[in-house]
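Peer 1: Quick one: the structure is below, and I'll ask about it shortly.
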Amino acid sequence: MCLEEDIVVVCVGNELLEGRTVNTNLSWIGKRLEDEGYSIARSVILRDDVEGLSRRIAEIVRDRPKVLILTGGLGPTWDDVTLQGLGRALRLRMRVNREALRMIRLRTKAELTPERRKMALLPEGSTPLLNAKGTAPGVYIRKGATRIVALPGVPEEMMDIFEREVLRIIRRSLKGEKRATGRIVVEGIPEADLAPLIGEVRRRFDGVYVKSHVKHSEGRMLPIEVFLSCRGRRSASELGKAMSSLEKLASAAGGVVRVRSSPASSA
């Protein structure tokens with residue numbers, strides 16, 4: 001099973017903290033990793049501030065996670081300072097990376113302005129990762145046992161580099177677990193009455209994680225979504241039994257199961 005600090009994600013951008021942009025990158029990365037049998041141990045959102053970034057990244061690296069993923073702040077503008085913060089945290093000089101410069105020239109036929117050249121300024125010893133959907137390259141570097149990846153904040157660019165490069169890096173670092181997931185939607189009973197039934201399922205099936213998501217008030221009695229997951233060699237079988245057990249208990253309590261998704265396996 002993955003260790004607690006296997007994967008840490010840092011999302012960078014004032015717009016995320018000020019509510020101007022929804023952090024879809026984190027939810028996408030979390031779902032994609034879960035599909036592969038991995039889990040994020042923790043995530044933080046940081047401002048576009050070199051000092052704050054360097055301090056928090058250094059703290060995370062001292063905890064020695066296997067993989068650290070940074071998103072956002074790789075662009076050409078003055079407030080894109082993620083790599084400067086990373087370089088300072090790792091005590092590395094910033095240098096123009098020739099391969100990164102070549103990638104930028106490949107992606108744009110415009111003049112190589114100081115702003116475009118800035119995107120090739122990487123912490124010394126970094127490996128640039130080709131951005132096939134945009135201009136700013138991703139960045140890969142190791143610090144001891146920690147593999148660090150910095151990705152653009154633009155979702156399309158982040159997802160492309162993640163699929164082509166980051167998953168390969170993670171697979172070299174960590175062994176994914178066999179995992180099965182499923183969901184059911186229950187109507188007709190309040191969450192407070194469903195909670196003890198979930199507790200009963202958890203007692204019967206110790207290895208199954210069960211979590212209800214509140215999508216109603218006690219008065220309105222709207223549907224409740226229940227997410228279930230299980231890890232291990234017999235994960236799909238155990239999960240199927242747990243889902244059937246919860247359905248029976250919910251029905252006996254007066255609830256109605258409207259939606260049921262079959263266990264989906266990964267890894």
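Quick note on naming: the chains in the structure tokens go A, B, ... in the order shown, residues restart at 1 in each chain, and ligands are numbered from 1 in order of appearance.
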Leaving out A:Thr135 and any residue of its chain fewer than 4 positions from it, which residues lie within 7 Å of it when counting only C-alpha atoms, given as a list in words?

Peer 2: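 The neighbour list is Ile104, Arg107 and Asn131 of chain A.
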
Peer 1: Take the residues just selected and output them with C-alpha atoms as a compact mmCIF listing (two decimals), in the first residue's frame.

Peer 2:
# COMPACT_ATOMS: atom_id res chain seq x y z
CA ILE A 104 10.05 27.13 -27.07
CA ARG A 107 6.34 25.94 -30.44
CA ASN A 131 4.62 21.05 -23.92

Peer 1: Enumerate, in order of chain and increasing residue number, the residues of stretch 21-134 of chain A with an atom no farther than 9 Å from stretch 177-180 of chain A, each with its shortest atom pair and distance in Å to one decimal, counting only C-alpha atoms, as CSV.

Peer 2:
residue,atom,partner,partner_atom,distance
A:Glu34,CA,A:Arg179,CA,8.2
A:Asp35,CA,A:Arg179,CA,8.1
A:Glu36,CA,A:Glu177,CA,7.9
A:Gly37,CA,A:Glu177,CA,4.7
A:Tyr38,CA,A:Glu177,CA,6.7

Peer 1: Restricted to N, CA and C atoms, what would the selected residues look like written as a compact mmCIF listing (two decimals), in the first residue's frame?

Peer 2:
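Once written, selection.txt looks like this:
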# COMPACT_ATOMS: atom_id res chain seq x y z
N GLU A 34 -5.95 8.23 -8.98
CA GLU A 34 -6.78 7.15 -8.44
C GLU A 34 -7.05 6.09 -9.49
N ASP A 35 -7.27 6.51 -10.73
CA ASP A 35 -7.49 5.55 -11.82
C ASP A 35 -6.29 4.63 -12.01
N GLU A 36 -5.10 5.15 -11.69
CA GLU A 36 -3.87 4.39 -11.87
C GLU A 36 -3.48 3.60 -10.62
N GLY A 37 -4.27 3.74 -9.54
CA GLY A 37 -3.97 3.02 -8.31
C GLY A 37 -3.11 3.78 -7.34
N TYR A 38 -3.01 5.11 -7.50
CA TYR A 38 -2.24 5.95 -6.60
C TYR A 38 -3.18 6.93 -5.88

Peer 1: Could you list, as a VMD selection string, every residue within 8 Å of A:Val96, counting only C-alpha atoms and ignoring same-chain residues fewer than 4 positions away?

Peer 2: chain A and resid 100 to 101 117 to 118 120 to 122

Peer 1: Take the selection from the previous step and output its residues with N, CA and C atoms, as a PDB file, in the first residue's frame.

Peer 2:
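The resulting part-v7.pdb:
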ATOM      1  N   ALA A 100      15.190  23.523 -23.321  1.00  0.00           N
ATOM      2  CA  ALA A 100      13.938  24.245 -23.117  1.00  0.00           C
ATOM      3  C   ALA A 100      13.795  25.360 -24.145  1.00  0.00           C
ATOM      4  N   LEU A 101      14.889  26.050 -24.423  1.00  0.00           N
ATOM      5  CA  LEU A 101      14.872  27.128 -25.414  1.00  0.00           C
ATOM      6  C   LEU A 101      14.525  26.566 -26.792  1.00  0.00           C
ATOM      7  N   ARG A 117      12.048  33.956 -23.448  1.00  0.00           N
ATOM      8  CA  ARG A 117      13.314  33.402 -22.934  1.00  0.00           C
ATOM      9  C   ARG A 117      13.190  33.059 -21.453  1.00  0.00           C
ATOM     10  N   LYS A 118      12.378  33.827 -20.728  1.00  0.00           N
ATOM     11  CA  LYS A 118      12.158  33.573 -19.300  1.00  0.00           C
ATOM     12  C   LYS A 118      11.636  32.156 -19.067  1.00  0.00           C
ATOM     13  N   ALA A 120      12.495  29.529 -20.433  1.00  0.00           N
ATOM     14  CA  ALA A 120      13.593  28.561 -20.526  1.00  0.00           C
ATOM     15  C   ALA A 120      14.558  28.684 -19.354  1.00  0.00           C
ATOM     16  N   LEU A 121      14.264  29.571 -18.415  1.00  0.00           N
ATOM     17  CA  LEU A 121      15.112  29.771 -17.242  1.00  0.00           C
ATOM     18  C   LEU A 121      14.704  28.759 -16.171  1.00  0.00           C
ATOM     19  N   LEU A 122      15.479  27.697 -16.038  1.00  0.00           N
ATOM     20  CA  LEU A 122      15.130  26.577 -15.155  1.00  0.00           C
ATOM     21  C   LEU A 122      16.173  26.410 -14.056  1.00  0.00           C
TER      22      LEU A 122
END

Peer 1: Could you check which of A:Leu90, A:Val50, A:Cys11, A:Leu112 is closest to A:Glu124, using only C-alpha atoms?

Peer 2: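 Ranked by minimum distance to A:Glu124, first place goes to A:Leu90.
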
Peer 1: Which of these residues is nearest to A:Ser244, using only C-alpha atoms: A:Arg98, A:Arg55, A:Lys133, A:Arg183?

Peer 2: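 Answer, going by the shortest atom-to-atom distance: A:Arg183.
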